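Okay, upload-v8.cif is below, mmCIF, C-alpha atoms:
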```cif
data_final
#
loop_
_atom_site.group_PDB
_atom_site.id
_atom_site.type_symbol
_atom_site.label_atom_id
_atom_site.label_comp_id
_atom_site.auth_asym_id
_atom_site.auth_seq_id
_atom_site.Cartn_x
_atom_site.Cartn_y
_atom_site.Cartn_z
ATOM 1 C CA MET A 150 103.945 98.405 94.881
ATOM 2 C CA ASN A 151 103.903 101.953 96.188
ATOM 3 C CA THR A 152 107.260 102.667 97.857
ATOM 4 C CA SER A 153 105.564 104.528 100.700
ATOM 5 C CA SER A 154 103.719 101.341 101.682
ATOM 6 C CA ALA A 155 106.325 98.797 100.575
ATOM 7 C CA TRP A 156 107.861 98.817 104.052
ATOM 8 C CA PHE A 157 104.632 97.338 105.434
ATOM 9 C CA TYR A 158 104.767 94.255 103.220
ATOM 10 C CA TRP A 159 108.426 93.647 104.041
ATOM 11 C CA ALA A 160 107.657 94.096 107.754
ATOM 12 C CA LEU A 161 104.719 91.680 107.466
ATOM 13 C CA LEU A 162 106.956 89.104 105.781
ATOM 14 C CA SER A 163 109.488 89.656 108.559
ATOM 15 C CA ALA A 164 106.781 88.867 111.119
ATOM 16 C CA VAL A 165 105.808 85.682 109.271
ATOM 17 C CA PHE A 166 109.429 84.533 109.119
ATOM 18 C CA ALA A 167 109.988 85.491 112.769
ATOM 19 C CA ALA A 168 106.997 83.363 113.751
ATOM 20 C CA ALA A 169 108.357 80.468 111.705
ATOM 21 C CA THR A 170 111.744 81.004 113.361
ATOM 22 C CA ALA A 171 110.258 80.557 116.821
ATOM 23 C CA ILE A 172 108.441 77.340 115.944
ATOM 24 C CA LEU A 173 111.297 75.814 113.930
ATOM 25 C CA ALA A 174 113.866 76.803 116.578
ATOM 26 C CA LYS A 175 111.768 75.354 119.403
ATOM 27 C CA ILE A 176 111.679 72.035 117.552
ATOM 28 C CA GLY A 177 115.354 72.265 116.536
ATOM 29 C CA ILE A 178 116.812 72.960 119.975
ATOM 30 C CA GLN A 179 115.356 69.852 121.580
ATOM 31 C CA GLY A 180 118.194 67.851 123.052
ATOM 32 C CA ILE A 181 121.039 70.292 122.264
ATOM 33 C CA ASP A 182 122.556 73.333 123.924
ATOM 34 C CA SER A 183 120.805 76.568 122.935
ATOM 35 C CA ASP A 184 124.133 78.357 122.329
ATOM 36 C CA LEU A 185 125.245 75.650 119.887
ATOM 37 C CA ALA A 186 121.862 75.951 118.173
ATOM 38 C CA THR A 187 122.407 79.704 117.844
ATOM 39 C CA LEU A 188 125.814 79.080 116.261
ATOM 40 C CA VAL A 189 124.353 76.632 113.724
ATOM 41 C CA ARG A 190 121.557 79.060 112.879
ATOM 42 C CA THR A 191 124.079 81.881 112.430
ATOM 43 C CA ALA A 192 126.252 79.762 110.121
ATOM 44 C CA VAL A 193 123.237 78.977 107.947
ATOM 45 C CA ILE A 194 122.342 82.671 107.787
ATOM 46 C CA ILE A 195 125.894 83.622 106.763
ATOM 47 C CA VAL A 196 125.963 81.068 103.931
ATOM 48 C CA VAL A 197 122.472 81.861 102.620
ATOM 49 C CA LEU A 198 122.817 85.629 102.849
ATOM 50 C CA SER A 199 126.285 85.583 101.262
ATOM 51 C CA ALA A 200 124.905 83.597 98.334
ATOM 52 C CA PHE A 201 121.916 85.940 98.064
ATOM 53 C CA VAL A 202 124.077 89.075 98.010
ATOM 54 C CA TRP A 203 126.477 87.527 95.481
ATOM 55 C CA PHE A 204 123.818 86.198 93.098
ATOM 56 C CA THR A 205 121.774 89.407 93.134
ATOM 57 C CA GLY A 206 124.843 91.414 92.190
ATOM 58 C CA LYS A 207 124.840 93.455 95.407
ATOM 59 C CA TRP A 208 128.350 92.469 96.519
ATOM 60 C CA SER A 209 130.831 95.280 97.086
ATOM 61 C CA ASN A 210 134.021 95.482 99.097
ATOM 62 C CA PRO A 211 132.967 95.851 102.753
ATOM 63 C CA LEU A 212 136.403 97.246 103.607
ATOM 64 C CA GLN A 213 135.467 100.376 101.665
ATOM 65 C CA LEU A 214 132.553 101.173 103.973
ATOM 66 C CA PRO A 215 132.919 104.267 106.188
ATOM 67 C CA ALA A 216 134.204 103.747 109.756
ATOM 68 C CA LYS A 217 130.888 104.981 111.213
ATOM 69 C CA THR A 218 129.059 102.281 109.247
ATOM 70 C CA TRP A 219 131.418 99.601 110.598
ATOM 71 C CA VAL A 220 130.990 100.824 114.177
ATOM 72 C CA PHE A 221 127.204 100.916 114.125
ATOM 73 C CA LEU A 222 126.734 97.738 112.083
ATOM 74 C CA GLY A 223 129.240 96.044 114.379
ATOM 75 C CA LEU A 224 127.314 97.180 117.452
ATOM 76 C CA SER A 225 124.088 96.083 115.789
ATOM 77 C CA GLY A 226 125.632 92.680 115.109
ATOM 78 C CA LEU A 227 126.665 92.351 118.755
ATOM 79 C CA ALA A 228 123.147 93.276 119.855
ATOM 80 C CA THR A 229 121.673 90.779 117.390
ATOM 81 C CA GLY A 230 123.945 88.025 118.637
ATOM 82 C CA ALA A 231 123.058 88.765 122.256
ATOM 83 C CA SER A 232 119.371 88.824 121.346
ATOM 84 C CA TRP A 233 119.604 85.451 119.578
ATOM 85 C CA VAL A 234 121.486 83.828 122.452
ATOM 86 C CA CYS A 235 118.882 85.074 124.931
ATOM 87 C CA TYR A 236 115.973 84.169 122.641
ATOM 88 C CA PHE A 237 117.166 80.611 122.064
ATOM 89 C CA ARG A 238 117.811 80.148 125.788
ATOM 90 C CA ALA A 239 114.308 81.428 126.544
ATOM 91 C CA LEU A 240 112.840 79.094 123.894
ATOM 92 C CA GLN A 241 114.676 76.158 125.399
ATOM 93 C CA LEU A 242 113.338 76.953 128.875
ATOM 94 C CA GLY A 243 109.838 78.197 128.042
ATOM 95 C CA GLU A 244 106.899 77.780 125.714
ATOM 96 C CA ALA A 245 107.226 79.393 122.295
ATOM 97 C CA SER A 246 103.749 80.912 122.651
ATOM 98 C CA LYS A 247 104.942 82.765 125.752
ATOM 99 C CA VAL A 248 108.546 83.531 124.762
ATOM 100 C CA ALA A 249 107.742 85.125 121.384
ATOM 101 C CA PRO A 250 105.268 87.710 122.734
ATOM 102 C CA VAL A 251 107.691 88.811 125.466
ATOM 103 C CA ASP A 252 110.395 89.104 122.809
ATOM 104 C CA LYS A 253 108.076 91.499 120.986
ATOM 105 C CA LEU A 254 108.448 93.898 123.888
ATOM 106 C CA SER A 255 111.277 95.024 121.609
ATOM 107 C CA LEU A 256 108.588 96.937 119.669
ATOM 108 C CA VAL A 257 107.935 99.082 122.731
ATOM 109 C CA LEU A 258 111.645 99.559 123.363
ATOM 110 C CA VAL A 259 112.294 100.501 119.721
ATOM 111 C CA ALA A 260 109.638 103.216 119.976
ATOM 112 C CA VAL A 261 111.155 104.571 123.199
ATOM 113 C CA PHE A 262 114.733 104.395 121.846
ATOM 114 C CA ALA A 263 113.697 105.971 118.516
ATOM 115 C CA PHE A 264 112.041 108.784 120.466
ATOM 116 C CA ALA A 265 115.102 109.300 122.680
ATOM 117 C CA PHE A 266 117.931 108.821 120.182
ATOM 118 C CA LEU A 267 116.535 109.378 116.685
ATOM 119 C CA GLY A 268 114.100 112.197 117.341
ATOM 120 C CA GLU A 269 111.107 110.212 116.074
ATOM 121 C CA ARG A 270 107.796 111.446 117.410
ATOM 122 C CA PRO A 271 104.996 108.869 117.299
ATOM 123 C CA SER A 272 101.483 110.284 117.406
ATOM 124 C CA LEU A 273 99.145 109.783 120.360
ATOM 125 C CA ARG A 274 97.399 107.057 118.340
ATOM 126 C CA GLU A 275 100.719 105.280 117.760
ATOM 127 C CA TRP A 276 101.725 105.567 121.430
ATOM 128 C CA SER A 277 98.338 104.073 122.320
ATOM 129 C CA GLY A 278 99.067 101.070 120.119
ATOM 130 C CA ILE A 279 102.538 100.725 121.612
ATOM 131 C CA ALA A 280 101.030 100.822 125.118
ATOM 132 C CA MET A 281 98.546 98.104 124.127
ATOM 133 C CA VAL A 282 101.414 95.906 122.954
ATOM 134 C CA ALA A 283 103.162 96.466 126.303
ATOM 135 C CA GLY A 284 99.932 95.604 128.117
ATOM 136 C CA GLY A 285 99.490 92.469 126.026
ATOM 137 C CA VAL A 286 103.027 91.347 126.863
ATOM 138 C CA LEU A 287 102.314 91.823 130.561
ATOM 139 C CA VAL A 288 99.038 89.868 130.337
ATOM 140 C CA LEU A 289 100.859 86.983 128.647
ATOM 141 C CA ALA A 290 103.898 87.057 130.924
ATOM 142 C CA ILE A 291 102.306 87.402 134.373
ATOM 143 C CA LYS A 292 101.240 84.125 135.957
ATOM 144 C CA ARG A 293 97.818 83.867 137.537
#
```
Represent the supplied structure as structure tokens.
Amino acid sequence: MNTSSAWFYWALLSAVFAAATAILAKIGIQGIDSDLATLVRTAVIIVVLSAFVWFTGKWSNPLQLPAKTWVFLGLSGLATGASWVCYFRALQLGEASKVAPVDKLSLVLVAVFAFAFLGERPSLREWSGIAMVAGGVLVLAIKR
């Protein structure tokens, strides 16, 4: 696999797993609190990912990571946790086919944040696609 296009396949797999997450979570949260469901999901992720990192030989001492890495990964973890809590609450209250597309508004926000904070400059074609995603979210979210 060409490394310049490898990101696409990983991103596509991420989308497939994210779709499965929405459906499996919607089924799994029936009859329980969404915050408890988020905790259970997080515990499973910790166990599975720890085993994966260990068995693939990628384990190293996290205490040796630079302070900047800890700060930004810590902030990212807090944002992830907040996102999961909100996502599971939304799934519990709404239809998965409506919640998941609104959640994907994150694509639009990532583009805006990457522009503002990382200096990324999407092309006019890419901005057009981002605008279409935003429009699609609005079409799905607005009631008739």
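One distance worth recording is that between CA of Thr187 in chain A and CA of Leu227 in chain A, which is 13.4 Å.
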In Å to one decimal, how far is CA of Ser232 in chain A from CA of Gly180 in chain A?
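One can read the CA of Gly180 in chain A to CA of Ser232 in chain A distance as 21.1 Å.
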Two-atom distance - CA of Trp156 in chain A, CA of Val286 in chain A (Å):
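Between CA of Trp156 in chain A and CA of Val286 in chain A the gap works out to 24.5 Å.
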Which residue out of A:Ser225, A:Ser153, A:Thr170, A:Leu161 has the minimum interatomic distance to Phe237 in chain A when all atoms listed in the file are used?
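The answer is A:Thr170, which sits nearest to Phe237 in chain A.
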Apply the PyMOL selection byres ((chain A and resi 167) around 12) to the displayed file and report the matching residues as a list of chain:residue names.
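Answer for the PyMOL selection byres ((chain A and resi 167) around 12): A:Ala160, A:Leu161, A:Leu162, A:Ser163, A:Ala164, A:Val165, A:Phe166, A:Ala168, A:Ala169, A:Thr170, A:Ala171, A:Ile172, A:Leu173, A:Ala174, A:Trp233, A:Tyr236, A:Ala245, A:Ala249, A:Pro250, A:Asp252, A:Lys253.
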Protein, DNA and RNA residues within 12 Å of (110.6, 101.8, 124.3), all atoms listed in the file, as a ChimeraX atom specification
/A:253-266,269,271,276,279-280,282-283
Please write a file for range 203-221 of chain A, taken from the block I just shared, that holds N, CA and C atoms and is laid out as a CSV table (one decimal), in the first residue's frame.
```csv
chain,number,residue,atom,x,y,z
A,203,TRP,N,0.6,-3.9,23.9
A,203,TRP,CA,1.6,-4.9,24.5
A,203,TRP,C,2.0,-6.0,23.5
A,204,PHE,N,1.0,-6.6,22.9
A,204,PHE,CA,1.3,-7.7,22.0
A,204,PHE,C,2.0,-7.4,20.7
A,205,THR,N,1.8,-6.1,20.3
A,205,THR,CA,2.5,-5.7,19.1
A,205,THR,C,3.9,-5.1,19.3
A,206,GLY,N,4.3,-5.1,20.6
A,206,GLY,CA,5.6,-4.7,21.0
A,206,GLY,C,5.8,-3.2,20.9
A,207,LYS,N,4.7,-2.4,21.0
A,207,LYS,CA,4.7,-1.0,20.9
A,207,LYS,C,4.7,-0.3,22.3
A,208,TRP,N,4.8,-1.1,23.4
A,208,TRP,CA,4.7,-0.5,24.7
A,208,TRP,C,6.1,0.2,25.0
A,209,SER,N,6.0,1.4,25.6
A,209,SER,CA,7.1,2.1,26.1
A,209,SER,C,6.6,2.9,27.4
A,210,ASN,N,7.5,3.3,28.2
A,210,ASN,CA,7.1,4.0,29.4
A,210,ASN,C,6.5,5.3,29.1
A,211,PRO,N,5.2,5.5,29.4
A,211,PRO,CA,4.5,6.8,29.1
A,211,PRO,C,5.0,7.9,29.9
A,212,LEU,N,5.7,7.6,31.0
A,212,LEU,CA,6.2,8.7,31.9
A,212,LEU,C,7.4,9.4,31.3
A,213,GLN,N,7.9,8.8,30.2
A,213,GLN,CA,9.1,9.4,29.5
A,213,GLN,C,8.7,10.3,28.4
A,214,LEU,N,7.4,10.4,28.2
A,214,LEU,CA,6.9,11.3,27.1
A,214,LEU,C,7.1,12.7,27.5
A,215,PRO,N,7.3,13.6,26.5
A,215,PRO,CA,7.5,15.0,26.8
A,215,PRO,C,6.2,15.6,27.4
A,216,ALA,N,6.4,16.7,28.2
A,216,ALA,CA,5.3,17.4,28.9
A,216,ALA,C,4.3,17.9,27.9
A,217,LYS,N,4.7,18.4,26.8
A,217,LYS,CA,3.8,18.9,25.8
A,217,LYS,C,2.9,17.8,25.3
A,218,THR,N,3.5,16.6,25.1
A,218,THR,CA,2.7,15.5,24.6
A,218,THR,C,1.6,15.1,25.6
A,219,TRP,N,2.0,15.1,26.9
A,219,TRP,CA,1.0,14.8,28.0
A,219,TRP,C,-0.1,15.8,28.0
A,220,VAL,N,0.3,17.1,27.9
A,220,VAL,CA,-0.8,18.2,27.9
A,220,VAL,C,-1.7,18.0,26.8
A,221,PHE,N,-1.2,17.8,25.6
A,221,PHE,CA,-2.1,17.8,24.4
A,221,PHE,C,-2.9,16.5,24.3
```
